[in-house]
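Undergrad: Provided herewith: structure.tsv, TSV, C-alpha atoms.
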```
chain	number	residue	atom	x	y	z
H	1	MET	CA	25.47	10.60	11.68
H	2	SER	CA	28.30	8.52	13.02
H	3	GLU	CA	30.16	6.14	10.78
H	4	ASP	CA	30.12	3.42	13.40
H	5	ALA	CA	26.38	3.40	14.00
H	6	LYS	CA	25.01	-0.02	13.12
H	7	PRO	CA	22.11	-0.28	10.65
H	8	HIS	CA	20.08	-2.61	12.92
H	9	LEU	CA	20.05	-0.07	15.77
H	10	SER	CA	16.77	1.72	15.16
H	11	VAL	CA	16.96	5.09	16.87
H	12	MET	CA	14.50	5.80	19.70
H	13	LEU	CA	12.59	2.60	18.98
H	14	PRO	CA	10.67	2.44	22.32
H	15	GLU	CA	9.64	6.09	21.96
H	16	VAL	CA	8.59	5.57	18.34
H	17	LEU	CA	6.47	2.54	19.23
H	18	ALA	CA	4.84	4.40	22.13
H	19	ALA	CA	3.98	7.35	19.89
H	20	LEU	CA	2.60	5.12	17.12
H	21	ASP	CA	0.59	2.98	19.56
H	22	ALA	CA	0.09	0.37	16.83
H	23	LYS	CA	-2.39	-2.43	17.45
H	24	SER	CA	-3.33	-5.65	15.74
H	25	GLY	CA	-5.14	-4.86	12.52
H	26	ASP	CA	-3.77	-1.31	12.20
H	27	VAL	CA	-2.08	-0.25	8.97
H	28	ILE	CA	1.18	1.67	9.42
H	29	ILE	CA	3.48	3.20	6.83
H	30	ASP	CA	7.19	3.00	7.56
H	31	ALA	CA	8.11	5.84	5.23
H	32	THR	CA	11.86	5.20	5.47
H	33	PHE	CA	12.10	1.39	5.47
H	34	GLY	CA	15.91	1.09	5.27
H	35	ALA	CA	16.99	-2.14	6.96
H	36	GLY	CA	13.51	-2.65	8.40
H	37	GLY	CA	14.17	-1.99	12.08
H	38	TYR	CA	11.00	-0.01	12.78
H	39	THR	CA	9.00	-2.25	10.45
H	40	ARG	CA	9.86	-5.45	12.32
H	41	ALA	CA	9.00	-3.91	15.67
H	42	ILE	CA	5.67	-2.59	14.36
H	43	LEU	CA	4.80	-5.94	12.78
H	44	ALA	CA	5.46	-7.59	16.15
H	45	THR	CA	2.48	-5.65	17.53
H	46	GLY	CA	0.19	-7.41	15.05
H	47	ALA	CA	-0.18	-4.40	12.78
H	48	GLU	CA	0.33	-4.39	9.02
H	49	VAL	CA	3.16	-2.35	7.52
H	50	ILE	CA	3.64	-0.70	4.16
H	51	GLY	CA	7.34	0.06	3.75
H	52	LEU	CA	8.46	2.88	1.48
H	53	ASP	CA	12.00	3.40	0.17
H	54	ARG	CA	13.55	4.72	-3.03
H	55	ASP	CA	16.85	2.96	-2.35
H	56	PRO	CA	17.11	-0.19	-4.51
H	57	THR	CA	19.55	-1.85	-2.11
H	58	VAL	CA	16.91	-2.30	0.61
H	59	GLN	CA	15.20	-5.09	-1.32
H	60	VAL	CA	17.21	-7.81	0.43
H	61	HIS	CA	15.96	-6.56	3.81
H	62	ALA	CA	12.40	-6.34	2.50
H	63	ASP	CA	12.58	-9.93	1.24
H	64	ALA	CA	13.67	-11.11	4.70
H	65	VAL	CA	10.79	-9.27	6.40
H	66	LYS	CA	8.33	-10.61	3.83
H	67	ALA	CA	9.54	-14.16	4.42
H	68	GLU	CA	8.95	-13.79	8.15
H	69	PHE	CA	5.70	-11.83	8.24
H	70	GLY	CA	4.04	-12.67	4.93
H	71	ASP	CA	1.10	-10.63	3.68
H	72	ARG	CA	1.17	-8.26	6.66
H	73	PHE	CA	4.11	-6.52	4.97
H	74	GLN	CA	4.65	-4.99	1.56
H	75	LEU	CA	7.41	-2.76	0.16
H	76	ILE	CA	6.69	-0.03	-2.36
H	77	ARG	CA	9.71	1.45	-4.13
H	78	THR	CA	9.00	5.18	-4.00
H	79	PRO	CA	10.16	8.40	-2.35
H	80	PHE	CA	8.18	9.07	0.81
H	81	GLY	CA	7.06	12.39	-0.67
H	82	ASP	CA	4.63	10.22	-2.65
H	83	LEU	CA	3.24	8.56	0.48
H	84	ASP	CA	-0.35	9.29	-0.51
H	85	ASP	CA	0.05	7.68	-3.94
H	86	ALA	CA	1.82	4.69	-2.38
H	87	PHE	CA	-1.00	4.19	0.09
H	88	ALA	CA	-3.54	4.26	-2.73
H	89	GLU	CA	-1.42	1.65	-4.55
H	90	SER	CA	-1.36	-0.57	-1.46
H	91	GLY	CA	-5.09	-1.19	-1.64
H	92	LYS	CA	-5.60	-0.64	2.10
H	93	ALA	CA	-8.74	1.05	3.39
H	94	LYS	CA	-7.32	3.37	6.05
H	95	LEU	CA	-3.95	4.50	7.38
H	96	ASP	CA	-3.54	4.41	11.16
H	97	GLY	CA	0.03	5.69	11.44
H	98	ALA	CA	3.13	6.86	9.61
H	99	VAL	CA	6.71	7.01	10.85
H	100	PHE	CA	9.63	8.85	9.25
H	101	ASP	CA	13.33	8.41	10.10
H	102	ILE	CA	14.92	11.28	8.19
H	103	GLY	CA	18.37	11.43	6.66
H	104	VAL	CA	21.07	9.07	5.45
H	105	SER	CA	21.38	5.71	7.21
H	106	SER	CA	24.51	4.12	8.57
H	107	MET	CA	23.82	1.30	6.13
H	108	GLN	CA	24.21	3.76	3.24
H	109	LEU	CA	27.30	5.38	4.77
H	110	ASP	CA	28.95	1.99	5.15
H	111	GLN	CA	28.59	1.27	1.42
H	112	ALA	CA	31.61	3.07	-0.05
H	113	GLU	CA	30.27	2.62	-3.58
H	114	ARG	CA	27.29	4.87	-2.74
H	115	GLY	CA	29.57	7.88	-2.28
H	116	PHE	CA	27.94	9.28	0.87
H	117	SER	CA	31.00	9.14	3.10
H	118	PHE	CA	34.10	11.31	3.13
H	119	MET	CA	35.76	8.61	5.25
H	120	ARG	CA	35.55	5.87	2.62
H	121	ASP	CA	36.77	6.19	-0.95
H	122	GLY	CA	34.08	5.66	-3.55
H	123	PRO	CA	32.43	7.23	-6.60
H	124	LEU	CA	31.04	10.70	-5.90
H	125	ASP	CA	27.40	9.64	-6.22
H	126	MET	CA	25.23	10.22	-3.09
H	127	ARG	CA	21.95	9.27	-4.76
H	128	MET	CA	19.49	7.45	-2.53
H	129	ALA	CA	17.72	6.23	-5.65
H	130	ASP	CA	19.45	5.03	-8.81
H	131	THR	CA	18.43	7.90	-11.07
H	132	GLY	CA	19.06	11.62	-11.32
H	133	GLU	CA	21.93	14.05	-10.84
H	134	THR	CA	24.92	12.88	-8.80
H	135	ALA	CA	27.17	14.81	-6.44
H	136	ALA	CA	29.87	14.63	-9.10
H	137	ASP	CA	27.51	16.34	-11.56
H	138	ILE	CA	26.99	19.18	-9.10
H	139	VAL	CA	30.62	19.84	-8.16
H	140	ASN	CA	31.79	19.53	-11.77
H	141	THR	CA	29.14	21.67	-13.50
H	142	TRP	CA	27.48	24.15	-11.13
H	143	GLU	CA	28.63	27.76	-11.13
H	144	HIS	CA	30.22	29.31	-8.06
H	145	GLY	CA	27.11	31.16	-6.82
H	146	PRO	CA	24.64	28.26	-6.75
H	147	LEU	CA	27.30	25.88	-5.41
H	148	ALA	CA	28.26	28.21	-2.55
H	149	HIS	CA	24.57	28.81	-1.85
H	150	ILE	CA	23.69	25.16	-1.23
H	151	ILE	CA	26.86	24.58	0.80
H	152	LYS	CA	25.93	27.50	3.05
H	153	LEU	CA	22.18	26.77	3.18
H	154	TYR	CA	22.15	22.97	3.47
H	155	GLY	CA	25.53	22.47	5.09
H	156	GLU	CA	25.50	25.60	7.25
H	157	GLU	CA	29.13	26.03	6.24
H	158	ARG	CA	30.31	29.54	7.11
H	159	GLN	CA	33.15	29.38	4.60
H	160	ALA	CA	30.99	28.14	1.73
H	161	GLY	CA	32.47	30.68	-0.69
H	162	ARG	CA	35.99	29.48	0.00
H	163	VAL	CA	34.96	25.85	-0.50
H	164	ALA	CA	33.21	26.62	-3.78
H	165	THR	CA	36.23	28.57	-5.03
H	166	ALA	CA	38.52	25.63	-4.25
H	167	ILE	CA	36.21	23.21	-6.03
H	168	LEU	CA	36.02	25.35	-9.19
H	169	ARG	CA	39.79	25.91	-9.23
H	170	ARG	CA	40.53	22.20	-8.94
H	171	ARG	CA	37.89	21.01	-11.41
H	172	ALA	CA	39.38	23.30	-14.07
H	173	GLU	CA	42.43	21.04	-13.94
H	174	GLN	CA	40.68	17.71	-13.39
H	175	PRO	CA	37.02	16.82	-12.75
H	176	PHE	CA	36.05	15.25	-9.44
H	177	SER	CA	35.03	11.60	-9.45
H	178	ARG	CA	35.94	10.21	-5.99
H	179	THR	CA	34.83	11.05	-2.47
H	180	LEU	CA	38.24	11.18	-0.81
H	181	ASP	CA	39.53	13.45	-3.59
H	182	LEU	CA	36.80	16.00	-2.88
H	183	ALA	CA	37.24	15.65	0.88
H	184	GLU	CA	40.97	16.38	0.56
H	185	VAL	CA	40.37	19.52	-1.51
H	186	ILE	CA	37.84	20.80	1.04
H	187	GLU	CA	40.17	20.04	3.93
H	188	LYS	CA	43.00	22.00	2.30
H	189	ALA	CA	40.66	24.90	1.48
H	190	LEU	CA	39.60	25.18	5.11
H	191	GLY	CA	43.10	24.88	6.53
H	192	GLY	CA	42.97	21.29	7.70
H	193	ARG	CA	41.44	19.89	10.86
H	194	ARG	CA	43.56	21.70	13.46
H	195	GLY	CA	41.80	19.97	16.32
H	196	ALA	CA	38.31	20.43	14.89
H	197	ALA	CA	35.64	18.20	16.40
H	198	ILE	CA	34.33	17.22	12.96
H	199	HIS	CA	36.04	16.69	9.62
H	200	PRO	CA	36.19	19.88	7.51
H	201	ALA	CA	34.29	18.16	4.68
H	202	THR	CA	31.33	17.16	6.88
H	203	ARG	CA	29.12	20.16	6.13
H	204	THR	CA	29.83	20.23	2.39
H	205	PHE	CA	29.12	16.51	1.99
H	206	GLN	CA	25.88	16.98	3.91
H	207	ALA	CA	24.89	19.86	1.64
H	208	LEU	CA	25.62	17.87	-1.52
H	209	ARG	CA	23.64	14.88	-0.25
H	210	ILE	CA	20.63	17.05	0.59
H	211	ALA	CA	20.78	18.76	-2.81
H	212	VAL	CA	21.20	15.53	-4.78
H	213	ASN	CA	18.18	13.92	-3.09
H	214	ASP	CA	16.04	17.05	-2.56
H	215	GLU	CA	15.74	15.87	1.03
H	216	LEU	CA	14.09	18.96	2.50
H	217	GLY	CA	11.56	19.23	-0.32
H	218	GLU	CA	10.88	15.51	0.02
H	219	LEU	CA	10.25	15.96	3.74
H	220	GLU	CA	7.78	18.78	3.17
H	221	ARG	CA	5.92	16.72	0.56
H	222	GLY	CA	5.92	13.68	2.84
H	223	LEU	CA	4.40	15.56	5.77
H	224	GLU	CA	1.66	16.99	3.56
H	225	ALA	CA	1.02	13.55	2.05
H	226	ALA	CA	0.65	12.09	5.55
H	227	GLU	CA	-1.82	14.85	6.40
H	228	GLN	CA	-3.81	13.93	3.29
H	229	THR	CA	-3.78	10.21	4.01
H	230	LEU	CA	-3.94	9.52	7.75
H	231	THR	CA	-7.35	8.58	9.14
H	232	GLU	CA	-8.86	10.47	12.07
H	233	GLY	CA	-6.89	9.38	15.14
H	234	GLY	CA	-3.96	8.30	12.95
H	235	ARG	CA	-0.51	9.04	14.33
H	236	LEU	CA	2.37	10.87	12.67
H	237	VAL	CA	5.81	10.20	14.16
H	238	VAL	CA	8.99	11.83	12.83
H	239	VAL	CA	12.59	11.33	13.95
H	240	THR	CA	15.13	13.88	12.69
H	241	PHE	CA	18.87	14.24	13.13
H	242	HIS	CA	19.59	17.76	11.92
H	243	SER	CA	18.28	21.22	12.72
H	244	LEU	CA	17.19	21.88	9.12
H	245	GLU	CA	14.95	18.81	9.11
H	246	ASP	CA	13.66	19.34	12.63
H	247	ARG	CA	12.75	22.95	11.85
H	248	ILE	CA	10.55	21.82	8.96
H	249	VAL	CA	8.77	19.23	11.11
H	250	LYS	CA	8.41	21.63	14.05
H	251	ASN	CA	6.94	24.41	11.89
H	252	PHE	CA	4.59	22.03	10.09
H	253	LEU	CA	3.19	20.56	13.31
H	254	GLN	CA	2.94	23.93	15.04
H	255	GLU	CA	1.02	25.36	12.11
H	256	ARG	CA	-1.24	22.34	11.60
H	257	SER	CA	-2.02	22.11	15.34
H	258	GLY	CA	-2.92	25.79	15.62
H	259	ASN	CA	0.08	26.58	17.83
H	260	THR	CA	1.63	29.28	15.70
H	261	PRO	CA	3.11	32.28	17.56
H	262	ALA	CA	0.81	35.25	18.09
H	263	GLY	CA	1.35	38.28	15.89
H	264	SER	CA	2.17	41.78	17.00
H	265	ARG	CA	-0.34	43.30	19.43
H	266	HIS	CA	-0.27	46.43	17.25
H	267	ALA	CA	-1.31	44.58	14.10
H	268	PRO	CA	-4.78	43.33	13.17
H	269	VAL	CA	-5.40	39.75	14.27
H	270	ALA	CA	-5.33	37.39	11.30
H	271	VAL	CA	-7.80	34.54	11.76
H	272	ASP	CA	-7.03	31.37	9.81
H	273	PRO	CA	-10.36	29.76	8.87
H	274	ARG	CA	-8.75	26.32	8.53
H	275	GLN	CA	-9.13	23.97	11.47
H	276	PRO	CA	-6.16	22.18	13.06
H	277	THR	CA	-5.43	18.89	11.30
H	278	PHE	CA	-3.16	17.57	14.06
H	279	ALA	CA	-3.07	17.57	17.85
H	280	LEU	CA	0.43	17.40	19.34
H	281	GLN	CA	1.10	14.30	21.44
H	282	PHE	CA	3.52	16.27	23.62
H	283	LYS	CA	5.06	19.72	23.66
H	284	GLY	CA	8.38	20.15	21.88
H	285	ALA	CA	10.60	17.24	20.89
H	286	GLN	CA	11.73	14.13	22.72
H	287	ALA	CA	15.44	13.26	22.77
H	288	ALA	CA	17.09	9.88	23.02
H	289	THR	CA	18.08	8.67	26.46
H	290	ALA	CA	21.66	8.99	27.63
H	291	GLU	CA	21.86	5.21	27.70
H	292	GLU	CA	20.86	4.88	24.03
H	293	SER	CA	23.19	7.69	22.95
H	294	ALA	CA	26.09	5.94	24.65
H	295	VAL	CA	25.40	2.75	22.68
H	296	ASN	CA	24.37	4.29	19.36
H	297	PRO	CA	26.15	7.57	18.41
H	298	ARG	CA	23.49	8.32	15.79
H	299	ALA	CA	20.95	8.82	18.57
H	300	ARG	CA	22.83	11.75	20.12
H	301	SER	CA	21.27	14.31	17.77
H	302	ALA	CA	17.90	12.59	17.34
H	303	LYS	CA	14.65	14.45	17.98
H	304	LEU	CA	11.22	12.87	17.92
H	305	ARG	CA	8.01	14.79	17.28
H	306	ALA	CA	4.55	13.23	17.14
H	307	ALA	CA	0.96	14.25	16.54
H	308	ILE	CA	-2.50	12.74	16.11
H	309	ARG	CA	-4.67	13.44	13.06
H	310	THR	CA	-7.92	15.27	13.76
H	311	SER	CA	-11.11	15.09	11.68
H	312	ALA	CA	-10.45	18.46	10.00
H	313	PRO	CA	-9.92	18.57	6.22
H	314	ALA	CA	-6.30	18.62	5.07
H	315	TRP	CA	-4.93	22.09	4.36
H	316	THR	CA	-3.41	20.96	1.09
H	317	ASN	CA	-4.97	19.60	-2.05
H	318	GLY	CA	-3.19	16.60	-3.49
H	319	GLY	CA	-2.73	18.02	-6.99
H	320	GLY	CA	-1.30	21.31	-5.78
H	321	ARG	CA	1.08	19.61	-3.37
H	322	LYS	CA	3.27	18.28	-6.15
```
Can you present the structure in this file as structure tokens?
TA:
Amino acid sequence: MSEDAKPHLSVMLPEVLAALDAKSGDVIIDATFGAGGYTRAILATGAEVIGLDRDPTVQVHADAVKAEFGDRFQLIRTPFGDLDDAFAESGKAKLDGAVFDIGVSSMQLDQAERGFSFMRDGPLDMRMADTGETAADIVNTWEHGPLAHIIKLYGEERQAGRVATAILRRRAEQPFSRTLDLAEVIEKALGGRRGAAIHPATRTFQALRIAVNDELGELERGLEAAEQTLTEGGRLVVVTFHSLEDRIVKNFLQERSGNTPAGSRHAPVAVDPRQPTFALQFKGAQAATAEESAVNPRARSAKLRAAIRTSAPAWTNGGGRK
């Protein structure tokens, strides 16, 4: 995501609102509340919103929304993987929609003290919540193999082994504690920018952020929790910004809508007795308009997928999901 994207620019807002189709009296979960952009637009339709966020710094935005919209809004401090538990805590009778905006926000990137950005010097933290292992813990304690693995898997960095080697060599002399320090070591390990379109540290910082926050696991849990919780006719809307996230959403919706690829014609046909729990609103993913992408760089990689909950029982059981 671009450093200069502004936190109040909610990506693909018209498309999100169209897919949610929220009406007065509906209850919608904004699973990634952030600065409240989606929430405010949904509340303007007359619907009620339950905002979820594990980031403690969003409270000031939640207070502003609460002051404007009153009891039609509530914030629950929790990861969106616990969406089903949060909905039960809210006391509402049925859930008519859920929207997810996946990944780190420009608001978080702009806060140097959070340690998400390789462009701003700050402590090597990267936690979206205020508990758990930090990025500094990972780069200073993990062995070469696991470190290279996450950099390759989550960052899709082809030279993950070289980056991990450079990190271990440097930390033997002095532990890492600052973002720009780590970014400089990575840049040197990869031979500098040399006209590269993105900074050499981009992929490694992405990998560390995903690992610190278990972002992909959280997404999988959140989708299953939405399946458990949405009422029949309820709408699931997900905006992603990276291929790893989009692949998870795509596979989940294809599977749950019964649109999985056919097997080999030479193999026995496997019939899944479970009924589709979602119906796709449209085939594939929607992209942001060229006009929006020109104004908001974050929108350039955005993909929106949406589906409607059927009456079929959820494929997961709440206890086993976690």
Undergrad: What is the CA of Phe80 (chain H)-CA of Ile150 (chain H) distance in Å, reported with one decimal?
TA: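 We find that CA of Phe80 (chain H) and CA of Ile150 (chain H) lie 22.4 Å from each other.
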Undergrad: Provide the CA of Met12 (chain H) to CA of Ala299 (chain H) distance in Å, to one decimal place.
TA: 7.2 Å
Undergrad: Between CA of Gln228 (chain H) and CA of Leu75 (chain H), what is the distance in Å, rounded to a tenth?
TA: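 We find that CA of Gln228 (chain H) and CA of Leu75 (chain H) lie 20.4 Å from each other.
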Undergrad: Please provide the set of residues having any atom within 10 Å of Ser24 (chain H), restricted to only C-alpha atoms, with same-chain residues fewer than 3 positions apart removed, written as a list in words.
TA: Val27, Ile42, Leu43, Ala44, Thr45, Gly46, Ala47 and Glu48 of chain H
Undergrad: Using all atoms listed in the file, determine which residues lie at most 8 Å from region 283-292 of chain H, disregarding the query and same-chain residues fewer than 6 positions distant; provide the list as a PDB file with C-alpha atoms, in the frame of the given file.
TA:
```pdb
ATOM      1  CA  VAL H  11      16.960   5.090  16.870  1.00  0.00           C
ATOM      2  CA  MET H  12      14.500   5.800  19.700  1.00  0.00           C
ATOM      3  CA  LYS H 250       8.410  21.630  14.050  1.00  0.00           C
ATOM      4  CA  ALA H 299      20.950   8.820  18.570  1.00  0.00           C
ATOM      5  CA  ARG H 300      22.830  11.750  20.120  1.00  0.00           C
ATOM      6  CA  SER H 301      21.270  14.310  17.770  1.00  0.00           C
ATOM      7  CA  ALA H 302      17.900  12.590  17.340  1.00  0.00           C
ATOM      8  CA  LYS H 303      14.650  14.450  17.980  1.00  0.00           C
ATOM      9  CA  LEU H 304      11.220  12.870  17.920  1.00  0.00           C
ATOM     10  CA  ARG H 305       8.010  14.790  17.280  1.00  0.00           C
TER      11      ARG H 305
END
```
Undergrad: Which of these, H:Asn213, H:Gln174, H:Ser90, H:Gln74, has the shortest distance to Asp130 (chain H) once you count all atoms listed in the file?
TA: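 Nearest candidate to Asp130 (chain H) out of H:Asn213, H:Gln174, H:Ser90, H:Gln74: H:Asn213.
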Undergrad: Residues near Gly51 (chain H), anyone? I mean within 7 Å using all atoms listed in the file, not counting same-chain ones fewer than 6 positions away, as a ChimeraX atom specification.
TA: /H:29-31,33,74-76
Undergrad: Might you pull out every residue within 6 Å of Asp53 (chain H), with only C-alpha atoms counted and same-chain residues fewer than 3 positions away left off, and present them as a ChimeraX atom specification?
TA: /H:32-33,77-79
Undergrad: Using all atoms listed in the file, pick whichever of H:His242, H:Arg120, H:Arg162, H:Arg209 has the shortest atom-to-atom distance to Ala135 (chain H).
TA: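 Of the candidates, the smallest distance to Ala135 (chain H) is held by H:Arg209.
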Undergrad: H:Asp125, H:Asp26, H:Glu68, H:Asp137: which is nearest Leu230 (chain H), counting only C-alpha atoms?
TA: H:Asp26
Undergrad: Given the choices H:Leu216, H:Val99, H:Thr202, H:Glu15, which gets closest to Arg247 (chain H) if the distance is worked out from all atoms listed in the file?
TA: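 Counting all atoms listed in the file, the residue closest to Arg247 (chain H) is H:Leu216.
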Undergrad: Let me make sure I understand: among H:Ala189, H:Val16, H:Met126, H:Ala86, which one has the smallest atom-to-atom distance to Leu236 (chain H) if we use all atoms listed in the file?
TA: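 Counting all atoms listed in the file, the residue closest to Leu236 (chain H) is H:Val16.
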Undergrad: For Lys92 (chain H), which of H:Ala312, H:Met128, H:Gly25, H:Glu187 is the closest residue, counting only C-alpha atoms?
TA: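 Closest to Lys92 (chain H) of all the choices is H:Gly25.
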Undergrad: With all atoms listed in the file counted, which protein, DNA or RNA residues have an atom no more than 9 Å from (3.7, 12.5, -1.7) in the file frame? Please answer as a list in words.
TA: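 Protein and nucleic acid residues near the point are Pro79, Phe80, Gly81, Asp82, Leu83, Asp84, Asp85, Ala86, Glu218, Glu220, Arg221, Gly222, Leu223, Glu224, Ala225, Ala226, Gly318, Arg321 and Lys322 of chain H.
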